[in-house]
$ cat coords32.cif   # mmCIF, C-alpha atoms and all ligand atoms
data_upload
loop_
_atom_site.label_atom_id
_atom_site.label_comp_id
_atom_site.auth_asym_id
_atom_site.auth_seq_id
_atom_site.Cartn_x
_atom_site.Cartn_y
_atom_site.Cartn_z
CA MET A 853 6.33 -5.03 3.67
CA ALA A 854 3.42 -6.63 1.80
CA THR A 855 3.40 -5.99 -1.92
CA THR A 856 -0.40 -6.16 -2.17
CA ILE A 857 -3.54 -4.95 -0.40
CA ALA A 858 -6.27 -7.59 0.09
CA LEU A 859 -9.66 -6.12 -0.81
CA SER A 860 -12.27 -6.72 1.88
CA ARG A 861 -15.03 -8.36 -0.18
CA THR A 862 -13.18 -10.76 -2.50
CA GLY A 863 -9.77 -10.94 -0.84
CA ALA A 864 -8.31 -10.06 -4.25
CA LYS A 865 -4.72 -8.89 -3.88
CA MET A 866 -4.27 -5.46 -5.40
CA PRO A 867 -0.58 -4.53 -5.96
CA ILE A 868 0.38 -1.65 -3.69
CA VAL A 869 2.58 -0.05 -6.37
CA GLY A 870 1.17 0.27 -9.87
CA PHE A 871 1.61 2.39 -12.97
CA GLY A 872 -0.68 5.32 -13.84
CA LEU A 873 -1.67 5.81 -17.46
CA TRP A 874 -2.98 9.40 -17.45
CA LYS A 875 -1.05 11.54 -19.98
CA VAL A 876 0.83 8.56 -21.43
CA THR A 877 0.59 9.38 -25.13
CA LYS A 878 -1.05 7.02 -27.60
CA ALA A 879 2.23 6.86 -29.53
CA THR A 880 4.24 5.55 -26.56
CA CYS A 881 1.59 3.78 -24.49
CA ALA A 882 1.92 0.23 -25.86
CA ASP A 883 5.70 0.21 -25.43
CA THR A 884 5.47 1.90 -22.03
CA VAL A 885 3.07 -0.77 -20.74
CA TYR A 886 5.19 -3.56 -22.23
CA ASN A 887 8.39 -2.17 -20.71
CA ALA A 888 6.70 -1.53 -17.37
CA ILE A 889 5.64 -5.18 -17.27
CA LYS A 890 9.22 -6.19 -18.09
CA ALA A 891 10.37 -3.95 -15.23
CA GLY A 892 8.01 -5.75 -12.84
CA TYR A 893 4.87 -3.56 -12.71
CA ARG A 894 1.78 -5.69 -12.18
CA LEU A 895 -0.95 -3.03 -11.96
CA PHE A 896 -2.05 -0.54 -14.61
CA ASP A 897 -4.38 2.30 -13.77
CA GLY A 898 -6.36 3.27 -16.84
CA ALA A 899 -9.58 5.10 -17.59
CA GLY A 900 -11.84 5.76 -20.54
CA ASP A 901 -10.94 9.42 -20.10
CA TYR A 902 -7.21 8.81 -20.71
CA GLY A 903 -7.86 7.99 -24.38
CA ASN A 904 -5.14 5.33 -24.51
CA GLU A 905 -6.90 2.10 -23.52
CA LYS A 906 -6.47 0.50 -26.97
CA GLU A 907 -2.72 1.18 -26.91
CA ALA A 908 -2.36 0.08 -23.27
CA GLY A 909 -4.13 -3.16 -24.20
CA GLU A 910 -1.74 -3.68 -27.12
CA GLY A 911 1.23 -3.48 -24.74
CA LEU A 912 -0.45 -5.82 -22.27
CA ARG A 913 -1.40 -8.39 -24.91
CA ARG A 914 2.09 -8.28 -26.44
CA ALA A 915 3.57 -9.06 -23.02
CA ILE A 916 1.14 -11.95 -22.65
CA SER A 917 1.84 -13.36 -26.12
CA ASP A 918 5.62 -13.04 -25.56
CA GLY A 919 5.19 -15.15 -22.43
CA LEU A 920 6.28 -12.41 -19.97
CA ILE A 921 3.07 -12.78 -17.96
CA LYS A 922 -0.37 -14.36 -17.99
CA ARG A 923 -3.51 -12.21 -17.86
CA GLU A 924 -4.14 -13.27 -14.25
CA ASP A 925 -0.69 -11.97 -13.21
CA VAL A 926 -1.63 -8.38 -14.02
CA TRP A 927 -4.19 -6.14 -12.36
CA VAL A 928 -6.06 -3.85 -14.73
CA THR A 929 -8.04 -0.95 -13.29
CA SER A 930 -10.28 1.22 -15.41
CA LYS A 931 -12.95 3.86 -14.82
CA ILE A 932 -16.31 4.89 -16.19
CA TRP A 933 -16.45 8.53 -17.29
CA ASN A 934 -18.96 11.14 -16.07
CA THR A 935 -21.00 11.24 -19.30
CA PHE A 936 -21.83 7.53 -19.01
CA HIS A 937 -23.46 7.30 -15.56
CA ALA A 938 -26.89 6.18 -16.80
CA HIS A 939 -27.44 2.45 -16.20
CA ASP A 940 -27.27 1.32 -19.83
CA HIS A 941 -24.34 3.60 -20.62
CA VAL A 942 -22.25 2.16 -17.75
CA LYS A 943 -22.86 -1.33 -19.10
CA ALA A 944 -22.21 -0.45 -22.74
CA LEU A 945 -19.08 1.60 -22.08
CA ALA A 946 -17.54 -0.97 -19.74
CA LYS A 947 -17.90 -3.57 -22.52
CA HIS A 948 -16.48 -1.10 -25.06
CA GLN A 949 -13.51 -0.36 -22.77
CA LEU A 950 -12.85 -4.11 -22.33
CA GLU A 951 -12.85 -4.44 -26.12
CA LEU A 952 -10.34 -1.60 -26.41
CA TRP A 953 -8.03 -3.34 -23.92
CA GLY A 954 -8.68 -6.70 -25.61
CA ILE A 955 -9.42 -8.41 -22.29
CA ASP A 956 -12.60 -9.94 -20.89
CA TYR A 957 -12.61 -8.54 -17.35
CA PHE A 958 -11.28 -5.62 -15.31
CA ASP A 959 -9.77 -6.45 -11.93
CA LEU A 960 -11.19 -3.16 -10.70
CA PHE A 961 -13.68 -0.79 -12.30
CA LEU A 962 -14.23 2.64 -10.71
CA VAL A 963 -16.73 5.46 -11.04
CA HIS A 964 -14.21 8.15 -12.07
CA PHE A 965 -16.01 11.07 -10.37
CA PRO A 966 -19.29 11.25 -8.42
CA ILE A 967 -20.43 13.68 -11.10
CA SER A 968 -22.96 12.91 -13.79
CA LEU A 969 -22.76 14.83 -17.06
CA GLU A 970 -24.99 14.69 -20.14
CA TYR A 971 -24.34 11.76 -22.46
CA VAL A 972 -22.04 12.39 -25.42
CA GLU A 973 -22.33 9.85 -28.22
CA PRO A 974 -18.91 8.09 -28.48
CA SER A 975 -19.05 8.23 -32.29
CA ALA A 976 -19.20 12.05 -32.02
CA LYS A 977 -16.33 12.44 -29.50
CA TYR A 978 -14.44 9.88 -27.44
CA PRO A 979 -13.31 10.45 -24.80
CA PRO A 980 -15.66 13.41 -24.38
CA GLU A 981 -13.80 15.04 -21.45
CA TRP A 982 -15.83 17.54 -19.42
CA TRP A 983 -17.68 19.33 -22.19
CA GLY A 984 -20.64 18.70 -24.47
CA LEU A 985 -20.22 19.12 -28.22
CA ASP A 986 -21.05 22.82 -27.75
CA GLY A 987 -17.99 23.25 -25.52
CA LYS A 988 -20.07 23.76 -22.35
CA VAL A 989 -20.39 21.67 -19.16
CA HIS A 990 -23.85 20.02 -18.87
CA PRO A 991 -24.64 18.32 -15.54
CA ALA A 992 -27.13 15.45 -15.79
CA ASN A 993 -29.59 14.11 -13.22
CA VAL A 994 -28.43 10.52 -12.88
CA PRO A 995 -28.39 9.51 -9.22
CA MET A 996 -25.43 7.48 -7.98
CA SER A 997 -27.84 4.67 -6.99
CA GLU A 998 -28.57 4.04 -10.69
CA THR A 999 -24.88 4.10 -11.63
CA TRP A 1000 -23.97 1.82 -8.74
CA LYS A 1001 -26.63 -0.76 -9.68
CA ALA A 1002 -25.05 -1.01 -13.14
CA MET A 1003 -21.58 -1.34 -11.56
CA GLU A 1004 -22.87 -4.25 -9.44
CA GLU A 1005 -24.29 -5.92 -12.53
CA LEU A 1006 -20.83 -5.74 -14.13
CA VAL A 1007 -19.59 -7.84 -11.20
CA ASP A 1008 -22.51 -10.29 -11.59
CA GLU A 1009 -21.66 -10.68 -15.28
CA GLY A 1010 -17.91 -11.15 -14.67
CA ALA A 1011 -16.90 -7.97 -16.51
CA ALA A 1012 -15.41 -6.52 -13.28
CA LYS A 1013 -13.97 -8.53 -10.40
CA ASN A 1014 -14.12 -5.55 -8.03
CA ILE A 1015 -15.80 -2.17 -8.14
CA GLY A 1016 -15.11 1.13 -6.46
CA VAL A 1017 -15.14 4.88 -6.69
CA SER A 1018 -12.74 7.70 -7.25
CA ASN A 1019 -12.74 11.27 -5.97
CA ALA A 1020 -15.38 10.27 -3.42
CA ALA A 1021 -15.79 12.18 -0.15
CA GLY A 1022 -17.35 10.59 2.94
CA SER A 1023 -20.87 11.85 2.17
CA ILE A 1024 -21.23 10.16 -1.23
CA LEU A 1025 -19.60 6.99 0.12
CA LEU A 1026 -22.14 6.89 2.96
CA ASP A 1027 -24.90 7.29 0.39
CA ILE A 1028 -23.60 4.35 -1.69
CA LEU A 1029 -23.16 2.20 1.43
CA ARG A 1030 -26.88 2.68 2.25
CA TYR A 1031 -28.05 0.80 -0.83
CA ALA A 1032 -25.02 -1.13 -2.06
CA ARG A 1033 -25.46 -4.87 -2.54
CA ILE A 1034 -21.73 -4.89 -3.38
CA PRO A 1035 -19.97 -2.18 -1.36
CA PRO A 1036 -17.22 -0.09 -2.97
CA GLN A 1037 -13.86 -1.78 -2.41
CA VAL A 1038 -11.53 1.06 -3.35
CA ASN A 1039 -11.58 4.86 -3.30
CA GLN A 1040 -8.93 6.40 -5.57
CA VAL A 1041 -8.19 9.95 -4.46
CA GLU A 1042 -5.66 12.75 -4.73
CA LEU A 1043 -3.30 12.28 -1.79
CA HIS A 1044 0.17 13.68 -1.06
CA PRO A 1045 1.88 15.59 1.79
CA TYR A 1046 0.21 18.84 0.67
CA LEU A 1047 -3.22 17.10 0.91
CA THR A 1048 -3.02 14.46 3.62
CA GLN A 1049 -6.77 13.72 4.03
CA GLU A 1050 -6.51 11.96 7.42
CA GLY A 1051 -10.29 12.14 7.92
CA LEU A 1052 -11.05 10.40 4.65
CA ILE A 1053 -8.36 7.78 5.28
CA ASN A 1054 -9.90 6.96 8.68
CA PHE A 1055 -13.40 6.85 7.20
CA CYS A 1056 -12.35 4.45 4.44
CA LYS A 1057 -10.38 2.21 6.81
CA THR A 1058 -13.40 2.00 9.12
CA HIS A 1059 -15.62 0.88 6.23
CA GLY A 1060 -13.11 -1.61 4.76
CA ILE A 1061 -12.49 0.54 1.67
CA ALA A 1062 -8.89 0.48 0.39
CA ILE A 1063 -7.36 3.76 -0.75
CA THR A 1064 -5.28 4.36 -3.84
CA ALA A 1065 -3.41 7.67 -3.88
CA TYR A 1066 -3.07 9.58 -7.12
CA SER A 1067 -0.83 12.54 -7.97
CA SER A 1068 1.63 11.42 -5.27
CA PHE A 1069 4.12 14.05 -6.45
CA GLY A 1070 1.65 16.86 -5.84
CA PRO A 1071 1.95 19.81 -8.26
CA GLN A 1072 4.44 18.01 -10.56
CA SER A 1073 1.75 16.34 -12.67
CA TYR A 1074 -0.12 19.63 -13.15
CA VAL A 1075 2.88 21.74 -14.23
CA GLU A 1076 2.61 20.33 -17.76
CA LEU A 1077 -1.07 21.46 -17.71
CA GLY A 1078 -0.01 25.02 -16.92
CA TYR A 1079 -0.06 24.96 -13.06
CA LYS A 1080 2.10 27.75 -11.63
CA GLY A 1081 1.00 27.82 -7.97
CA THR A 1082 2.62 26.34 -4.86
CA PRO A 1083 6.23 25.20 -5.43
CA GLY A 1084 6.60 21.47 -6.06
CA LEU A 1085 6.91 18.77 -3.42
CA LEU A 1086 9.80 17.15 -5.31
CA GLU A 1087 11.81 20.34 -4.76
CA HIS A 1088 10.72 20.86 -1.14
CA ASP A 1089 13.61 21.12 1.38
CA VAL A 1090 11.97 18.68 3.83
CA VAL A 1091 11.48 16.05 1.10
CA ASN A 1092 14.99 16.53 -0.23
CA SER A 1093 16.68 16.37 3.14
CA ILE A 1094 14.85 13.09 3.96
CA ALA A 1095 15.80 11.75 0.50
CA LYS A 1096 19.45 12.59 1.19
CA THR A 1097 19.44 10.90 4.60
CA GLN A 1098 17.73 7.79 3.23
CA ALA A 1099 19.80 7.74 -0.01
CA LYS A 1100 16.54 7.68 -1.99
CA THR A 1101 15.03 10.00 -4.59
CA PRO A 1102 12.51 12.68 -3.54
CA ALA A 1103 9.91 10.77 -5.61
CA GLN A 1104 10.58 7.57 -3.66
CA VAL A 1105 10.20 9.47 -0.37
CA LEU A 1106 6.76 10.76 -1.44
CA LEU A 1107 5.60 7.32 -2.58
CA ARG A 1108 6.92 5.69 0.59
CA TRP A 1109 4.97 8.20 2.72
CA ALA A 1110 1.75 6.79 1.20
CA VAL A 1111 2.57 3.07 1.12
CA GLN A 1112 3.76 3.23 4.73
CA GLN A 1113 0.12 4.12 5.57
CA GLY A 1114 -1.15 1.02 3.72
CA ILE A 1115 -2.21 3.16 0.77
CA ALA A 1116 -1.62 2.03 -2.83
CA VAL A 1117 0.22 4.31 -5.28
CA ILE A 1118 0.13 4.58 -9.07
CA PRO A 1119 2.95 6.90 -10.19
CA LYS A 1120 3.15 7.72 -13.87
CA SER A 1121 6.36 8.34 -15.78
CA ASN A 1122 7.14 8.62 -19.45
CA ASN A 1123 10.82 8.12 -18.56
CA HIS A 1124 12.08 4.56 -18.16
CA ASP A 1125 14.65 5.29 -15.41
CA ARG A 1126 12.07 7.16 -13.33
CA LEU A 1127 9.54 4.38 -13.98
CA LEU A 1128 12.08 1.87 -12.63
CA SER A 1129 13.05 3.84 -9.52
CA ASN A 1130 9.43 4.66 -8.60
CA LYS A 1131 8.86 0.94 -7.96
CA ASN A 1132 11.44 0.66 -5.22
CA VAL A 1133 9.54 1.86 -2.19
CA LEU A 1134 8.68 -1.32 -0.33
CA ASP A 1135 11.97 -2.48 1.21
CA TRP A 1136 12.89 0.50 3.39
CA THR A 1137 11.13 2.61 6.00
CA LEU A 1138 10.71 6.28 6.87
CA THR A 1139 11.42 6.97 10.54
CA GLU A 1140 8.50 8.23 12.63
CA ASP A 1141 10.02 11.73 12.64
CA GLN A 1142 10.47 11.70 8.86
CA PHE A 1143 6.90 10.49 8.37
CA LYS A 1144 5.58 13.23 10.67
CA ALA A 1145 7.69 15.91 8.98
CA LEU A 1146 6.17 14.95 5.62
CA SER A 1147 2.61 14.90 6.98
CA SER A 1148 3.15 18.31 8.56
CA LEU A 1149 3.53 19.80 5.05
CA ASN A 1150 -0.26 19.54 4.66
CA ILE A 1151 -1.85 22.72 3.31
CA ASN A 1152 -5.04 21.09 1.93
CA LEU A 1153 -3.83 21.85 -1.59
CA ARG A 1154 -6.20 20.14 -4.01
CA LEU A 1155 -4.91 20.20 -7.57
CA ASN A 1156 -7.68 18.18 -9.22
CA ASN A 1157 -10.87 20.01 -8.32
CA PRO A 1158 -13.78 20.02 -10.80
CA ALA A 1159 -15.18 23.15 -9.10
CA GLU A 1160 -12.46 25.07 -10.93
CA LEU A 1161 -14.07 24.04 -14.24
CA ASP A 1162 -17.59 24.79 -13.12
CA PRO A 1163 -18.81 25.78 -9.61
CA ARG A 1164 -21.81 23.41 -10.01
CA LEU A 1165 -19.33 20.50 -9.78
CA ALA A 1166 -17.95 21.37 -6.31
CA ILE A 1167 -17.90 17.78 -4.99
CA PHE A 1168 -15.31 18.61 -2.33
CA ALA A 1169 -17.12 21.73 -1.03
N1 LIG B 1 -8.92 9.13 -10.47
C1 LIG B 1 -8.54 10.31 -10.88
O1 LIG B 1 -9.33 11.27 -11.00
C2 LIG B 1 -7.10 10.53 -11.21
C3 LIG B 1 -6.58 11.84 -11.37
C4 LIG B 1 -5.22 11.99 -11.64
C5 LIG B 1 -4.41 10.87 -11.77
N2 LIG B 1 -4.94 9.61 -11.64
C6 LIG B 1 -4.12 8.40 -11.81
O2 LIG B 1 -2.96 8.52 -11.00
C7 LIG B 1 -1.80 8.39 -11.81
C8 LIG B 1 -0.66 9.21 -11.19
O3 LIG B 1 -1.03 10.54 -11.02
P1 LIG B 1 -0.47 11.71 -11.94
O4 LIG B 1 -0.24 11.18 -13.31
O5 LIG B 1 -1.36 12.88 -11.73
O6 LIG B 1 0.84 12.15 -11.28
P2 LIG B 1 2.15 11.63 -10.61
O7 LIG B 1 2.42 10.21 -10.86
O8 LIG B 1 2.09 12.15 -9.23
O9 LIG B 1 3.22 12.54 -11.35
C9 LIG B 1 3.55 12.44 -12.68
C10 LIG B 1 4.54 13.55 -12.99
O10 LIG B 1 5.74 13.36 -12.24
C11 LIG B 1 6.85 13.14 -13.11
N3 LIG B 1 7.65 12.07 -12.50
C12 LIG B 1 7.37 10.75 -12.46
N4 LIG B 1 8.32 10.07 -11.77
C13 LIG B 1 9.21 11.00 -11.37
C14 LIG B 1 10.42 10.91 -10.61
N5 LIG B 1 10.86 9.76 -10.15
N6 LIG B 1 11.11 12.08 -10.38
C15 LIG B 1 10.65 13.26 -10.86
N7 LIG B 1 9.52 13.40 -11.58
C16 LIG B 1 8.80 12.28 -11.82
C17 LIG B 1 6.25 12.78 -14.43
O11 LIG B 1 7.06 13.17 -15.49
P3 LIG B 1 7.71 12.10 -16.50
O12 LIG B 1 6.57 11.35 -17.12
O13 LIG B 1 8.48 12.94 -17.46
O14 LIG B 1 8.58 11.22 -15.65
C18 LIG B 1 4.95 13.57 -14.43
O15 LIG B 1 5.21 14.93 -14.77
C19 LIG B 1 -2.28 8.86 -13.18
O16 LIG B 1 -1.42 8.48 -14.22
C20 LIG B 1 -3.64 8.21 -13.24
O17 LIG B 1 -3.52 6.83 -13.54
C21 LIG B 1 -6.25 9.45 -11.35
#
$ encode --input "coords32.cif" --output "structure tokens"
Amino acid sequence: MATTIALSRTGAKMPIVGFGLWKVTKATCADTVYNAIKAGYRLFDGAGDYGNEKEAGEGLRRAISDGLIKREDVWVTSKIWNTFHAHDHVKALAKHQLELWGIDYFDLFLVHFPISLEYVEPSAKYPPEWWGLDGKVHPANVPMSETWKAMEELVDEGAAKNIGVSNAAGSILLDILRYARIPPQVNQVELHPYLTQEGLINFCKTHGIAITAYSSFGPQSYVELGYKGTPGLLEHDVVNSIAKTQAKTPAQVLLRWAVQQGIAVIPKSNNHDRLLSNKNVLDWTLTEDQFKALSSLNINLRLNNPAELDPRLAIFA
């Protein structure tokens, strides 16, 4: 199958399998990015919020200076954090994030959440996460139209080749589409067999918006954050029996379930063998029955829901 997804506005070819940088530690990030490039990864999914953009950039630039790749061979995605939604903050932070990476454009720049929080001065705390300096959540009244205008200007100025959103439901996407001069090209959302989101997938396809799935392994990524709820997808009998029949790993089965729908994936692993095997999901196919069995595991389990931090942030309500 195709190894890339062509974005509707620019035709830019976004790799369908990339590497996610959330929770990759500063200490290991440069080497992880370098080794992932060596292993064939050509997309890195970063964000200001991940706190490792400088180190990720070091790994990328080392790979370029060692002649492994050229800048144009690699797709770098990053995201603007919630505290920087005001027009001038979007512009300033995007430039700052490019400086951290040591590159002069992002292939894709996303609005991380359709949630605006009060500005936190980067010299006081960076990344600021969800809380002000007083440890409390402070929503701010920046409309998405203001944020989106600044995102479009980043494209005009060449700082971002493509722009998009993340964690966006149909209603906020419809809002953006009403005034967008440059429509969002990608929506990056939580998506796995416990949260299949068929309605959102259809909506995005209809509007020419590509989808990137995050947290493809469901609860696994949240266990290290203390999650103790629904048993993992990687251990699920249905996933394991399909893995056995296909002679693949449970992780590959879950990634294949998404890419077989034309959805990009960005698995993260701090382990080199898992990093290598997660890439191999494009040259085999789930049968229709296997695909349906995976989709039927849906229980609308959302693991990344800001409403759990503060009910005022219930963007998926
Ligand atoms: N836009 C957003 O709001 C948002 C939110 C969450 C994530 N993301 C992006 O999506 C990326 C992926 O999501 P994620 O980090 O939540 O989770 P993920 O890739 O679904 O899962 C990562 C977890 O699975 C483990 N793992 C990786 N490969 C494995 C394998 N082959 N077998 C068994 N376990 C495996 C990892 O442990 P080891 O590291 O020990 O292998 C880690 O605990 C993130 O890194 C980030 O770039 C975006």
$ residues_near_ligand --input "coords32.cif" --ligand "ligand LIG 1 (chain B)" --cutoff "6 Å" --atoms "only C-alpha atoms and all ligand atoms" --output "PyMOL selection string"
chain A and resi 872-874+897-898+964+1018+1040+1066-1070+1072-1073+1103+1118-1123+1126+1130
$ residues_near_point --input "coords32.cif" --point "(-1.2, -0.4, -14.0)" --cutoff "9 Å" --atoms "all atoms listed in the file" --output "MDAnalysis selection string"
chainID A and resid 869:873 885 888:889 893:898 926:929 1118
$ closest_residue --input "coords32.cif" --among "A:Asn934, A:Asn1019, A:Asn1152, A:Ser917" --to "A:Thr1048" --atoms "only C-alpha atoms"
A:Asn1152
$ closest_residue --input "coords32.cif" --among "A:Asp918, A:Glu907, A:Asp1125, A:Asp956" --to "A:Leu1006" --atoms "only C-alpha atoms"
A:Asp956
$ closest_residue --input "coords32.cif" --among "A:Pro974, A:Gly1016, A:Gly1022, A:Pro980" --to "A:Tyr902" --atoms "only C-alpha atoms"
A:Pro980
$ residues_near_point --input "coords32.cif" --point "(-0.6, 17.1, 2.9)" --cutoff "7 Å" --atoms "all atoms listed in the file" --output "list in words"
His1044, Pro1045, Tyr1046, Leu1047, Thr1048, Ser1147, Ser1148, Leu1149, Asn1150, Ile1151 and Asn1152 of chain A
$ closest_residue --input "coords32.cif" --among "A:Leu912, A:Leu1077, A:Leu1052, A:Ala864" --to "A:Cys881" --atoms "only C-alpha atoms"
A:Leu912
$ closest_residue --input "coords32.cif" --among "A:Ala1011, A:Lys1080, A:Gly954, A:Ile1167" --to "A:Ile1024" --atoms "all atoms listed in the file"
A:Ile1167
$ residues_around --input "coords32.cif" --residues "A:Leu960" --least-positions-apart "6" --cutoff "7 Å" --atoms "all atoms listed in the file" --output "list of chain:residue names"
A:Val928, A:Thr929, A:Ser930, A:Ala1012, A:Lys1013, A:Asn1014, A:Ile1015
$ atom_distance --input "coords32.cif" --atom1 "atom CA of A:Ser1023" --atom2 "atom CA of A:Leu1165"
14.8 Å
$ residues_around --input "coords32.cif" --residues "A:Val1105" --least-positions-apart "6" --cutoff "9 Å" --atoms "only C-alpha atoms" --output "JSON, numbers by chain"
{"A": [1091, 1092, 1094, 1095, 1098, 1133, 1138]}
$ atom_distance --input "coords32.cif" --atom1 "atom CA of A:Lys906" --atom2 "atom CA of A:Trp953"
5.1 Å
$ atom_distance --input "coords32.cif" --atom1 "atom CA of A:Tyr1031" --atom2 "atom CA of A:Lys1001"
9.1 Å
$ residues_around --input "coords32.cif" --residues "stretch 1053-1062 of chain A" --least-positions-apart "2" --cutoff "7 Å" --atoms "only C-alpha atoms" --output "number ranges by chain"
A: 859-860, 1022, 1036-1039, 1049-1051, 1064
$ residues_around --input "coords32.cif" --residues "A:Met1003" --least-positions-apart "2" --cutoff "12 Å" --atoms "all atoms listed in the file" --output "number ranges by chain"
A: 931-932, 936-947, 958, 960-963, 996-1001, 1005-1017, 1028, 1032-1037
$ write_last_selection --input "coords32.cif" --atoms "C-alpha atoms" --output "compact mmCIF listing (two decimals), in the coordinates of the input"
# COMPACT_ATOMS: atom_id res chain seq x y z
CA LYS A 931 -12.95 3.86 -14.82
CA ILE A 932 -16.31 4.89 -16.19
CA PHE A 936 -21.83 7.53 -19.01
CA HIS A 937 -23.46 7.30 -15.56
CA ALA A 938 -26.89 6.18 -16.80
CA HIS A 939 -27.44 2.45 -16.20
CA ASP A 940 -27.27 1.32 -19.83
CA HIS A 941 -24.34 3.60 -20.62
CA VAL A 942 -22.25 2.16 -17.75
CA LYS A 943 -22.86 -1.33 -19.10
CA ALA A 944 -22.21 -0.45 -22.74
CA LEU A 945 -19.08 1.60 -22.08
CA ALA A 946 -17.54 -0.97 -19.74
CA LYS A 947 -17.90 -3.57 -22.52
CA PHE A 958 -11.28 -5.62 -15.31
CA LEU A 960 -11.19 -3.16 -10.70
CA PHE A 961 -13.68 -0.79 -12.30
CA LEU A 962 -14.23 2.64 -10.71
CA VAL A 963 -16.73 5.46 -11.04
CA MET A 996 -25.43 7.48 -7.98
CA SER A 997 -27.84 4.67 -6.99
CA GLU A 998 -28.57 4.04 -10.69
CA THR A 999 -24.88 4.10 -11.63
CA TRP A 1000 -23.97 1.82 -8.74
CA LYS A 1001 -26.63 -0.76 -9.68
CA GLU A 1005 -24.29 -5.92 -12.53
CA LEU A 1006 -20.83 -5.74 -14.13
CA VAL A 1007 -19.59 -7.84 -11.20
CA ASP A 1008 -22.51 -10.29 -11.59
CA GLU A 1009 -21.66 -10.68 -15.28
CA GLY A 1010 -17.91 -11.15 -14.67
CA ALA A 1011 -16.90 -7.97 -16.51
CA ALA A 1012 -15.41 -6.52 -13.28
CA LYS A 1013 -13.97 -8.53 -10.40
CA ASN A 1014 -14.12 -5.55 -8.03
CA ILE A 1015 -15.80 -2.17 -8.14
CA GLY A 1016 -15.11 1.13 -6.46
CA VAL A 1017 -15.14 4.88 -6.69
CA ILE A 1028 -23.60 4.35 -1.69
CA ALA A 1032 -25.02 -1.13 -2.06
CA ARG A 1033 -25.46 -4.87 -2.54
CA ILE A 1034 -21.73 -4.89 -3.38
CA PRO A 1035 -19.97 -2.18 -1.36
CA PRO A 1036 -17.22 -0.09 -2.97
CA GLN A 1037 -13.86 -1.78 -2.41
$ closest_residue --input "coords32.cif" --among "A:Ile955, A:Asp883, A:Lys988, A:His1124" --to "A:Asp1162" --atoms "all atoms listed in the file"
A:Lys988
$ residues_around --input "coords32.cif" --residues "A:Leu1161" --least-positions-apart "5" --cutoff "12 Å" --atoms "all atoms listed in the file" --output "ChimeraX atom specification"
/A:981-983,987-990,1155-1156,1166-1167
